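Structure file upload-v6.tsv with TSV, C-alpha atoms and all ligand atoms:
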```
chain	number	residue	atom	x	y	z
H	30	MET	CA	12.03	-4.46	-8.27
H	31	ALA	CA	14.55	-7.13	-9.21
H	32	GLY	CA	17.99	-6.53	-7.68
H	33	ASP	CA	19.29	-9.02	-5.16
H	34	SER	CA	15.83	-10.00	-4.06
H	35	THR	CA	14.92	-13.66	-4.27
H	36	ARG	CA	11.27	-13.35	-3.36
H	37	GLY	CA	10.05	-14.13	-6.88
H	38	ALA	CA	11.32	-17.65	-6.30
H	39	TYR	CA	9.39	-17.97	-3.04
H	40	ARG	CA	7.32	-21.09	-2.49
H	41	PRO	CA	5.37	-21.49	0.68
H	42	THR	CA	6.51	-24.48	2.66
H	43	ARG	CA	4.28	-27.01	4.31
H	44	ALA	CA	3.34	-27.65	7.89
H	45	PHE	CA	3.42	-24.62	10.10
H	46	VAL	CA	2.03	-24.43	13.53
H	47	HIS	CA	0.76	-21.11	14.74
H	48	SER	CA	2.58	-21.43	18.01
H	49	GLY	CA	4.54	-18.85	19.89
H	50	ARG	CA	2.76	-15.86	18.37
H	51	MET	CA	3.73	-12.51	19.75
H	52	THR	CA	0.91	-10.82	21.56
H	53	ASP	CA	2.30	-7.29	21.54
H	54	ASP	CA	0.49	-4.70	19.50
H	55	VAL	CA	3.33	-3.83	17.14
H	56	ALA	CA	3.41	-5.67	13.82
H	57	ILE	CA	6.39	-3.87	12.26
H	58	ARG	CA	9.14	-1.93	14.01
H	59	VAL	CA	12.01	-0.41	12.03
H	60	ARG	CA	14.80	1.76	13.42
H	61	GLY	CA	17.59	3.35	11.40
H	62	LEU	CA	17.13	1.07	8.40
H	63	GLN	CA	19.84	1.49	5.78
H	64	LYS	CA	20.38	-0.17	2.44
H	65	THR	CA	23.21	0.75	0.13
H	66	TYR	CA	24.06	-0.58	-3.31
H	67	GLY	CA	27.73	0.24	-3.74
H	68	ASP	CA	27.88	4.00	-3.26
H	69	HIS	CA	24.18	4.46	-3.77
H	70	VAL	CA	22.09	4.92	-0.63
H	71	ALA	CA	18.66	3.47	-1.45
H	72	VAL	CA	17.38	3.65	2.15
H	73	GLY	CA	19.14	6.05	4.46
H	74	GLY	CA	18.11	5.66	8.11
H	75	LEU	CA	14.41	4.92	7.97
H	76	ASP	CA	12.11	4.50	11.01
H	77	LEU	CA	8.68	2.91	10.80
H	78	ASP	CA	6.07	1.57	13.22
H	79	VAL	CA	2.99	-0.29	12.07
H	80	ALA	CA	0.48	-1.38	14.70
H	81	ARG	CA	-1.29	-4.70	14.58
H	82	GLY	CA	-4.55	-4.42	12.67
H	83	GLU	CA	-3.47	-1.22	10.99
H	84	CYS	CA	-3.55	-0.57	7.24
H	85	PHE	CA	-0.46	1.52	6.49
H	86	ALA	CA	0.36	2.94	3.05
H	87	LEU	CA	3.90	3.73	1.95
H	88	LEU	CA	3.95	6.55	-0.58
H	89	GLY	CA	6.86	7.99	-2.51
H	90	PRO	CA	8.12	8.70	-6.02
H	91	ASN	CA	9.81	6.13	-8.27
H	92	GLY	CA	13.13	5.10	-6.77
H	93	ALA	CA	12.29	6.47	-3.29
H	94	GLY	CA	13.11	3.16	-1.61
H	95	LYS	CA	9.66	1.64	-1.01
H	96	THR	CA	10.20	-1.74	-2.66
H	97	THR	CA	13.65	-2.05	-1.09
H	98	THR	CA	12.16	-1.37	2.35
H	99	VAL	CA	9.25	-3.74	1.84
H	100	GLU	CA	11.47	-6.55	0.56
H	101	ILE	CA	13.72	-6.18	3.61
H	102	LEU	CA	10.63	-6.47	5.83
H	103	GLU	CA	9.50	-9.53	3.89
H	104	GLY	CA	12.85	-11.21	4.44
H	105	TYR	CA	13.78	-11.22	0.76
H	106	ARG	CA	16.49	-8.57	0.75
H	107	PRO	CA	19.43	-8.17	3.12
H	108	ARG	CA	19.84	-4.81	4.84
H	109	SER	CA	23.04	-2.84	5.36
H	110	ALA	CA	22.21	-1.55	8.86
H	111	GLY	CA	19.39	-0.90	11.30
H	112	GLU	CA	16.94	-2.86	13.43
H	113	VAL	CA	13.89	-4.59	11.99
H	114	THR	CA	11.22	-6.61	13.75
H	115	VAL	CA	8.26	-8.07	11.86
H	116	LEU	CA	5.68	-10.08	13.83
H	117	GLY	CA	8.23	-10.38	16.60
H	118	LEU	CA	11.05	-11.74	14.44
H	119	ASP	CA	14.03	-10.34	12.55
H	120	PRO	CA	13.20	-11.06	8.89
H	121	ARG	CA	16.89	-11.70	8.27
H	122	ARG	CA	16.27	-15.06	9.90
H	123	PRO	CA	12.79	-16.11	8.76
H	124	THR	CA	11.27	-19.31	10.09
H	125	ARG	CA	8.63	-21.47	8.42
H	126	ASP	CA	6.05	-20.52	10.99
H	127	TRP	CA	6.77	-16.83	10.44
H	128	ARG	CA	6.52	-17.20	6.66
H	129	ALA	CA	3.08	-18.78	7.04
H	130	ARG	CA	1.91	-15.74	9.04
H	131	VAL	CA	3.04	-13.28	6.39
H	132	GLY	CA	1.17	-12.88	3.08
H	133	ILE	CA	2.81	-11.33	0.07
H	134	VAL	CA	1.20	-10.12	-3.10
H	135	LEU	CA	3.98	-9.90	-5.62
H	136	GLN	CA	3.91	-7.43	-8.49
H	137	SER	CA	3.27	-10.49	-10.65
H	138	THR	CA	3.94	-14.15	-10.16
H	139	GLY	CA	3.62	-15.13	-13.86
H	140	GLU	CA	3.75	-18.83	-13.10
H	141	PHE	CA	1.36	-21.77	-13.34
H	142	GLU	CA	0.18	-20.57	-16.73
H	143	ALA	CA	-1.13	-24.00	-17.73
H	144	LEU	CA	-3.20	-24.56	-14.58
H	145	THR	CA	-6.73	-23.26	-14.12
H	146	VAL	CA	-7.52	-20.58	-11.54
H	147	ARG	CA	-9.19	-23.19	-9.34
H	148	GLU	CA	-6.23	-25.56	-9.62
H	149	VAL	CA	-3.70	-22.85	-8.72
H	150	ILE	CA	-5.72	-21.76	-5.68
H	151	ASN	CA	-6.39	-25.34	-4.55
H	152	HIS	CA	-2.69	-26.08	-4.93
H	153	PHE	CA	-1.59	-23.12	-2.82
H	154	ALA	CA	-4.21	-23.90	-0.16
H	155	LEU	CA	-2.36	-27.17	0.54
H	156	TYR	CA	0.63	-25.27	1.86
H	157	TYR	CA	-1.19	-23.71	4.81
H	158	PRO	CA	-2.54	-25.16	8.03
H	159	ALA	CA	-5.83	-23.22	7.98
H	160	PRO	CA	-6.37	-21.88	4.46
H	161	ARG	CA	-9.38	-19.95	3.30
H	162	ASP	CA	-12.01	-21.94	1.46
H	163	PRO	CA	-10.81	-21.88	-2.19
H	164	ALA	CA	-14.31	-21.54	-3.67
H	165	GLU	CA	-15.18	-18.64	-1.36
H	166	LEU	CA	-11.89	-16.96	-2.12
H	167	ILE	CA	-12.38	-17.28	-5.89
H	168	GLU	CA	-15.75	-15.59	-5.39
H	169	ALA	CA	-14.29	-12.88	-3.12
H	170	VAL	CA	-11.65	-11.84	-5.64
H	171	GLY	CA	-14.21	-11.79	-8.46
H	172	LEU	CA	-12.84	-14.72	-10.43
H	173	ALA	CA	-15.86	-17.05	-10.22
H	174	GLU	CA	-16.46	-16.81	-13.97
H	175	LYS	CA	-12.80	-17.60	-14.62
H	176	ALA	CA	-12.45	-20.50	-12.17
H	177	THR	CA	-11.89	-23.00	-14.97
H	178	ALA	CA	-9.80	-20.69	-17.20
H	179	ARG	CA	-6.08	-21.31	-17.44
H	180	ALA	CA	-4.01	-18.72	-15.58
H	181	GLY	CA	-2.13	-17.95	-18.79
H	182	THR	CA	-5.33	-16.73	-20.47
H	183	LEU	CA	-6.30	-14.17	-17.79
H	184	SER	CA	-6.28	-10.44	-18.49
H	185	GLY	CA	-3.84	-8.23	-16.56
H	186	GLY	CA	-6.44	-7.23	-13.96
H	187	GLN	CA	-7.72	-10.79	-13.58
H	188	ARG	CA	-4.15	-12.01	-13.14
H	189	ARG	CA	-3.71	-9.46	-10.35
H	190	ARG	CA	-6.81	-10.77	-8.61
H	191	LEU	CA	-5.28	-14.24	-8.72
H	192	ASP	CA	-2.06	-12.81	-7.21
H	193	VAL	CA	-4.12	-11.27	-4.41
H	194	ALA	CA	-5.95	-14.56	-3.81
H	195	LEU	CA	-2.61	-16.37	-3.47
H	196	GLY	CA	-1.38	-13.70	-1.04
H	197	VAL	CA	-4.32	-14.09	1.32
H	198	ILE	CA	-5.16	-17.80	1.03
H	199	GLY	CA	-3.18	-18.71	4.14
H	200	ARG	CA	-5.06	-16.13	6.30
H	201	PRO	CA	-1.91	-14.09	6.95
H	202	GLU	CA	-1.67	-11.90	10.04
H	203	LEU	CA	0.33	-9.40	8.01
H	204	LEU	CA	-0.19	-8.75	4.33
H	205	PHE	CA	2.24	-6.93	2.04
H	206	LEU	CA	0.62	-5.40	-1.01
H	207	ASP	CA	3.03	-3.88	-3.52
H	208	GLU	CA	1.11	-1.66	-5.97
H	209	PRO	CA	-1.83	-4.07	-5.84
H	210	THR	CA	-4.28	-2.43	-8.24
H	211	THR	CA	-2.02	-1.40	-11.09
H	212	GLY	CA	-3.90	-2.32	-14.26
H	213	PHE	CA	-7.30	-2.69	-12.57
H	214	ASP	CA	-10.36	-1.14	-14.13
H	215	PRO	CA	-12.35	1.15	-11.75
H	216	GLU	CA	-14.92	-1.52	-10.90
H	217	ALA	CA	-12.24	-4.13	-10.17
H	218	ARG	CA	-10.44	-1.58	-7.99
H	219	GLN	CA	-13.58	-0.91	-5.94
H	220	GLU	CA	-14.11	-4.66	-5.48
H	221	PHE	CA	-10.49	-5.10	-4.48
H	222	TRP	CA	-10.81	-2.30	-1.93
H	223	ASP	CA	-13.86	-4.05	-0.47
H	224	LEU	CA	-11.79	-7.21	-0.12
H	225	ILE	CA	-8.97	-5.31	1.61
H	226	ARG	CA	-11.42	-3.58	3.95
H	227	GLN	CA	-12.86	-6.97	4.81
H	228	LEU	CA	-9.37	-8.32	5.59
H	229	SER	CA	-8.72	-5.22	7.67
H	230	ALA	CA	-11.98	-5.69	9.57
H	231	GLU	CA	-10.90	-9.27	10.31
H	232	GLY	CA	-7.75	-7.84	11.95
H	233	THR	CA	-5.17	-8.41	9.20
H	234	THR	CA	-2.32	-5.90	9.34
H	235	ILE	CA	-1.65	-4.48	5.88
H	236	LEU	CA	1.37	-2.69	4.47
H	237	LEU	CA	0.52	-1.24	1.10
H	238	THR	CA	2.63	0.60	-1.44
H	239	THR	CA	0.78	2.58	-4.05
H	240	HIS	CA	1.16	5.45	-6.47
H	241	TYR	CA	-2.59	6.09	-6.32
H	242	LEU	CA	-3.13	8.69	-3.62
H	243	TYR	CA	-6.88	8.08	-3.62
H	244	GLU	CA	-6.18	4.40	-2.95
H	245	ALA	CA	-4.15	5.30	0.13
H	246	GLU	CA	-6.94	7.61	1.23
H	247	ALA	CA	-9.57	4.93	0.68
H	248	LEU	CA	-7.75	2.19	2.59
H	249	ALA	CA	-5.05	3.41	4.93
H	250	ASN	CA	-5.32	4.38	8.59
H	251	ARG	CA	-1.96	6.10	8.22
H	252	VAL	CA	0.37	6.94	5.37
H	253	GLY	CA	4.13	7.40	5.36
H	254	VAL	CA	5.86	9.44	2.66
H	255	ILE	CA	9.32	8.21	1.66
H	256	ASN	CA	11.63	10.34	-0.44
H	257	ASN	CA	15.29	9.66	-1.19
H	258	GLY	CA	15.30	6.71	1.19
H	259	ARG	CA	13.99	8.68	4.18
H	260	MET	CA	10.61	8.89	5.84
H	261	ILE	CA	9.52	12.50	5.52
H	262	GLU	CA	6.26	12.27	7.42
H	263	VAL	CA	3.83	9.77	8.88
H	264	ALA	CA	0.24	10.90	9.46
H	265	THR	CA	-3.37	10.04	8.74
H	266	PRO	CA	-4.48	10.81	5.16
H	267	ALA	CA	-6.62	13.66	6.53
H	268	THR	CA	-3.80	15.39	8.40
H	269	LEU	CA	-0.69	14.70	6.27
H	270	GLY	CA	1.34	17.83	5.56
H	271	GLY	CA	-0.98	20.05	7.61
H	272	ARG	CA	-3.85	19.13	5.28
H	273	ALA	CA	-6.55	19.41	7.95
H	274	THR	CA	-5.64	23.02	8.62
H	275	ALA	CA	-4.59	23.98	5.09
H	276	ALA	CA	-6.34	26.98	3.57
H	277	THR	CA	-9.52	26.29	1.62
H	278	VAL	CA	-10.08	27.74	-1.82
H	279	VAL	CA	-13.54	29.26	-2.38
H	280	SER	CA	-14.35	29.97	-6.04
H	281	TRP	CA	-17.40	31.44	-7.73
H	282	ASP	CA	-18.57	33.13	-10.94
H	283	ALA	CA	-18.49	36.90	-10.48
H	284	ARG	CA	-19.97	39.32	-13.04
H	285	ASP	CA	-16.49	39.99	-14.43
H	286	GLY	CA	-15.33	36.36	-14.50
H	287	ARG	CA	-14.22	33.52	-12.23
H	288	GLN	CA	-12.95	34.53	-8.78
H	289	SER	CA	-11.07	32.54	-6.12
H	290	VAL	CA	-9.91	33.27	-2.60
H	291	SER	CA	-7.77	31.15	-0.33
H	292	THR	CA	-9.13	31.35	3.20
H	293	ASP	CA	-8.99	29.83	6.67
H	294	THR	CA	-12.65	30.77	7.23
H	295	PRO	CA	-14.51	29.34	4.23
H	296	THR	CA	-17.91	29.32	5.96
H	297	ALA	CA	-17.68	33.05	6.66
H	298	GLN	CA	-16.57	33.63	3.06
H	299	VAL	CA	-19.54	31.70	1.68
H	300	SER	CA	-21.96	33.56	4.00
H	301	LYS	CA	-20.55	36.86	2.81
H	302	LEU	CA	-20.90	35.85	-0.83
H	303	SER	CA	-24.41	34.56	-0.25
H	304	ALA	CA	-25.39	37.89	1.26
H	305	GLU	CA	-23.84	39.74	-1.68
H	306	PHE	CA	-25.69	37.61	-4.24
H	307	GLY	CA	-28.93	37.59	-2.23
H	308	GLY	CA	-28.98	33.75	-1.99
H	309	GLU	CA	-27.35	31.23	-4.32
H	310	VAL	CA	-23.75	31.93	-5.29
H	311	PRO	CA	-23.24	31.10	-8.99
H	312	GLY	CA	-20.66	28.40	-9.74
H	313	LEU	CA	-19.70	28.05	-6.06
H	314	THR	CA	-16.97	25.50	-5.21
H	315	VAL	CA	-15.24	25.04	-1.86
H	316	ALA	CA	-12.12	22.90	-2.12
H	317	ARG	CA	-9.59	21.71	0.41
H	318	PRO	CA	-6.29	20.41	-0.95
H	319	THR	CA	-6.45	16.76	-1.94
H	320	LEU	CA	-4.02	14.20	-0.58
H	321	GLU	CA	-2.33	14.36	-3.97
H	322	ASP	CA	-1.93	18.17	-3.75
H	323	ILE	CA	-0.30	17.81	-0.33
H	324	TYR	CA	1.87	14.88	-1.38
H	325	LEU	CA	3.16	16.69	-4.48
H	326	SER	CA	4.00	19.82	-2.49
H	327	MET	CA	5.97	17.67	-0.01
H	328	ILE	CA	7.90	15.90	-2.76
H	329	ASN	CA	8.57	19.14	-4.65
H	330	ALA	CA	9.77	20.85	-1.45
H	331	GLY	CA	12.18	17.90	-1.04
H	332	LYS	CA	13.56	18.51	-4.54
H	333	GLY	CA	14.32	22.11	-3.57
H	334	GLU	CA	16.38	20.91	-0.60
H	335	GLN	CA	18.57	18.51	-2.59
X	1	LIG	N1	19.76	-4.24	-6.94
X	1	LIG	C1	19.96	-2.94	-7.01
X	1	LIG	N2	21.17	-2.46	-7.33
X	1	LIG	C2	21.41	-1.15	-7.37
X	1	LIG	N3	20.49	-0.20	-7.10
X	1	LIG	C3	19.24	-0.62	-6.77
X	1	LIG	C4	18.91	-2.01	-6.71
X	1	LIG	N4	17.61	-2.11	-6.35
X	1	LIG	C5	17.14	-0.85	-6.21
X	1	LIG	N5	18.13	0.03	-6.47
X	1	LIG	C6	18.03	1.50	-6.39
X	1	LIG	O1	17.54	1.85	-5.10
X	1	LIG	C7	16.65	2.95	-5.18
X	1	LIG	C8	15.34	2.56	-4.56
X	1	LIG	O2	14.68	1.62	-5.38
X	1	LIG	P1	13.25	0.98	-5.00
X	1	LIG	O3	12.94	-0.09	-6.01
X	1	LIG	O4	13.25	0.59	-3.58
X	1	LIG	O5	12.29	2.24	-5.22
X	1	LIG	P2	10.69	2.33	-5.16
X	1	LIG	O6	10.38	3.43	-4.21
X	1	LIG	O7	10.10	1.00	-4.89
X	1	LIG	O8	10.37	2.80	-6.63
X	1	LIG	P3	9.09	2.49	-7.61
X	1	LIG	O9	7.99	3.39	-7.13
X	1	LIG	O10	9.61	2.89	-8.93
X	1	LIG	O11	8.76	1.02	-7.51
X	1	LIG	C9	16.54	3.31	-6.67
X	1	LIG	O12	17.43	4.39	-6.89
X	1	LIG	C10	17.00	2.05	-7.36
X	1	LIG	O13	17.60	2.37	-8.60
```
Take the structure from the file and write it as structure tokens.
Amino acid sequence: MAGDSTRGAYRPTRAFVHSGRMTDDVAIRVRGLQKTYGDHVAVGGLDLDVARGECFALLGPNGAGKTTTVEILEGYRPRSAGEVTVLGLDPRRPTRDWRARVGIVLQSTGEFEALTVREVINHFALYYPAPRDPAELIEAVGLAEKATARAGTLSGGQRRRLDVALGVIGRPELLFLDEPTTGFDPEARQEFWDLIRQLSAEGTTILLTTHYLYEAEALANRVGVINNGRMIEVATPATLGGRATAATVVSWDARDGRQSVSTDTPTAQVSKLSAEFGGEVPGLTVARPTLEDIYLSMINAGKGEQ
């Protein structure tokens, strides 16, 4: 992160009226986005469309340009070229009303250490015209037992839950989540996913960046893979990189050791094996490539082209 972004210093401002909302079904539209730092091209002509109500995950290796892109969309980083529209407005010229409609979960706020969880949430609620109920929100993010604990005493995962609560307290139409579950234990992650699914079901548009492929699969309607500042592919998690039609690997324990075949007709293969073994096939597994397998092959193919 860091760089010329100023979003860490962001404070929501008071008194917004939800007037003049766009009614079109596009939440984010990006064409030919470019961002250069001196000679370095961080984002090199990126296109992106996110529909209203969609949960979209941006994937890509370290340094691919995800945070740069997201911060441009949030209005916290200037772009070098390209067209960007977010909730009907160019984020280069954000208005108060627009800011109130956009929720941001920062990688970590690290402020308000001396205030309790309840005090921080109550305080932030004052900035919005129709905030969520603070007590309900504390419950929803799993911080009920920590409501009276000072923010500075929270664990990493608990701190993240507080960050998420602050990002959604104003009932944003569009929520940016930058690596939201880093540091969460598995149970906290599941609870967080439930919260995100609930926000999604309520119609909140979500743009998520994550390095956890299973998180993208669990939450996103579509994923976009960025590499070297370019969008390589946008697809559903099930179809990315030809995943839906990729060969399936059937493996089993033969008399002379473990055997595997890669096949487009796994059912026929299993029937054949079943006939050969006269019923149960020992040690049978049937595996399609995971989203991570597909993602890694896309990124590695990109390395070969450089
Ligand atoms: N302020 C800056 N000055 C110079 N180069 C920068 C600056 N900010 C980012 N970069 C470079 O731009 C590229 C994209 O960085 P960015 O933070 O957008 O990547 P990312 O995909 O979010 O990576 P990560 O997964 O590690 O968070 C990197 O090569 C990074 O070093």
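Nearest to ligand LIG 1 (chain X) of all the residues H:Val113, H:Val55, H:Val99, H:Ala249 is H:Val99, counting all atoms listed in the file.
Picture a line from CA of Gly312 (chain H) to CA of Ser300 (chain H); it runs 14.7 Å.
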Taking all atoms listed in the file into account, produce a table as a Markdown table in which each residue of chain H with an atom at most 10 Å from an atom of ligand LIG 1 (chain X) appears once, together with its shortest atom pair and the distance in Å to one decimal, ordered by chain and rising number.
```
| residue | atom | partner | partner_atom | distance |
| --- | --- | --- | --- | --- |
| H:Met30 | CA | X:LIG1 | O3 | 5.0 |
| H:Ala31 | CA | X:LIG1 | N1 | 6.4 |
| H:Gly32 | CA | X:LIG1 | N1 | 3.0 |
| H:Asp33 | CA | X:LIG1 | N1 | 5.1 |
| H:Ser34 | CA | X:LIG1 | N1 | 7.5 |
| H:Lys64 | CA | X:LIG1 | O1 | 8.3 |
| H:Thr65 | CA | X:LIG1 | N3 | 7.8 |
| H:Tyr66 | CA | X:LIG1 | C2 | 4.9 |
| H:Gly67 | CA | X:LIG1 | C2 | 7.4 |
| H:Asp68 | CA | X:LIG1 | C2 | 9.2 |
| H:His69 | CA | X:LIG1 | N3 | 6.8 |
| H:Val70 | CA | X:LIG1 | O1 | 7.1 |
| H:Ala71 | CA | X:LIG1 | O1 | 4.1 |
| H:Val72 | CA | X:LIG1 | C8 | 7.1 |
| H:Leu87 | CA | X:LIG1 | O6 | 8.9 |
| H:Leu88 | CA | X:LIG1 | O6 | 8.0 |
| H:Gly89 | CA | X:LIG1 | O6 | 6.0 |
| H:Pro90 | CA | X:LIG1 | O9 | 5.4 |
| H:Asn91 | CA | X:LIG1 | O10 | 3.3 |
| H:Gly92 | CA | X:LIG1 | O5 | 3.4 |
| H:Ala93 | CA | X:LIG1 | O6 | 3.7 |
| H:Gly94 | CA | X:LIG1 | O4 | 3.2 |
| H:Lys95 | CA | X:LIG1 | O6 | 3.7 |
| H:Thr96 | CA | X:LIG1 | O7 | 3.5 |
| H:Thr97 | CA | X:LIG1 | O4 | 3.7 |
| H:Thr98 | CA | X:LIG1 | O4 | 6.3 |
| H:Val99 | CA | X:LIG1 | O4 | 8.0 |
| H:Glu100 | CA | X:LIG1 | O4 | 8.4 |
| H:Ile101 | CA | X:LIG1 | O4 | 9.9 |
| H:Arg106 | CA | X:LIG1 | N1 | 9.4 |
| H:Gln136 | CA | X:LIG1 | O11 | 9.8 |
| H:Asp207 | CA | X:LIG1 | O11 | 8.5 |
| H:Glu208 | CA | X:LIG1 | O11 | 8.3 |
| H:Thr238 | CA | X:LIG1 | O7 | 8.2 |
| H:Thr239 | CA | X:LIG1 | O9 | 7.9 |
| H:His240 | CA | X:LIG1 | O9 | 7.2 |
| H:Ile255 | CA | X:LIG1 | O6 | 7.6 |
| H:Asn256 | CA | X:LIG1 | O6 | 8.0 |
| H:Asn257 | CA | X:LIG1 | C8 | 7.9 |
| H:Gly258 | CA | X:LIG1 | C8 | 7.1 |
```
Using only C-alpha atoms: which of H:Ile133, H:Ala56, H:Gly74, H:Val299 has the shortest distance to Asp119 (chain H): H:Ala56
Using all atoms listed in the file for the distances, tell me which of H:Leu236, H:Ile198, H:Leu116, H:Val193 is nearest to Leu155 (chain H). H:Ile198
Pick the closest to Ala247 (chain H) from H:Gln219, H:Thr268, H:Thr233, H:Ser184: which is it, counting only C-alpha atoms? H:Gln219
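The list of residues with at least one atom within 9 Å of Leu172 (chain H), based on only C-alpha atoms and without residues fewer than 4 positions apart in the same chain, reads Val146, Leu166, Ile167, Glu168, Ala176, Gln187, Arg190 and Leu191 of chain H.
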File of the preceding selection, C-alpha atoms, as a tab-separated table (two decimals), keeping the file's coordinate frame:
```
chain	number	residue	atom	x	y	z
H	146	VAL	CA	-7.52	-20.58	-11.54
H	166	LEU	CA	-11.89	-16.96	-2.12
H	167	ILE	CA	-12.38	-17.28	-5.89
H	168	GLU	CA	-15.75	-15.59	-5.39
H	176	ALA	CA	-12.45	-20.50	-12.17
H	187	GLN	CA	-7.72	-10.79	-13.58
H	190	ARG	CA	-6.81	-10.77	-8.61
H	191	LEU	CA	-5.28	-14.24	-8.72
```
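Of the residues under consideration (H:Glu216, H:Glu321, H:Glu174, H:Glu202), H:Glu321 shows the shortest atom-to-atom contact distance to Tyr243 (chain H) when counting only C-alpha atoms.
You can rank H:Gly61, H:Gly270, H:Pro107, H:Pro311 by their closest distance to Asp282 (chain H) using all atoms listed in the file, and at the top of that list sits H:Pro311.
Computed from the coordinates, the CA of Val59 (chain H) to CA of Leu320 (chain H) distance equals 25.1 Å.
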Contact residues around Tyr157 (chain H) with only C-alpha atoms at 6 Å, ignoring same-chain residues under 3 positions, as a ChimeraX atom specification: /H:154,160,199
Please list as number ranges by chain every residue within 8 Å of Arg130 (chain H), counting all atoms listed in the file and excluding residues in the same chain fewer than 3 positions away. H: 47, 126-127, 199-203
Here CA of Gln227 (chain H) and CA of Thr145 (chain H) stand apart by 25.7 Å
Neighbour residues at most 6 Å from (-7.1, 26.5, -0.7) (only C-alpha atoms) as an MDAnalysis selection string: chainID H and resid 276:278 291 317
Who sits within 8 Å of Phe221 (chain H), all atoms listed in the file, same chain under 2 positions skipped, as a PyMOL selection string: chain H and resi 170+190+210+217-219+223-225
Store the residues picked out above, limited to C-alpha atoms, as a PDB file, keeping the file's coordinate frame.
```
ATOM      1  CA  VAL H 170     -11.650 -11.840  -5.640  1.00  0.00           C
ATOM      2  CA  ARG H 190      -6.810 -10.770  -8.610  1.00  0.00           C
ATOM      3  CA  THR H 210      -4.280  -2.430  -8.240  1.00  0.00           C
ATOM      4  CA  ALA H 217     -12.240  -4.130 -10.170  1.00  0.00           C
ATOM      5  CA  ARG H 218     -10.440  -1.580  -7.990  1.00  0.00           C
ATOM      6  CA  GLN H 219     -13.580  -0.910  -5.940  1.00  0.00           C
ATOM      7  CA  ASP H 223     -13.860  -4.050  -0.470  1.00  0.00           C
ATOM      8  CA  LEU H 224     -11.790  -7.210  -0.120  1.00  0.00           C
ATOM      9  CA  ILE H 225      -8.970  -5.310   1.610  1.00  0.00           C
TER      10      ILE H 225
END
```
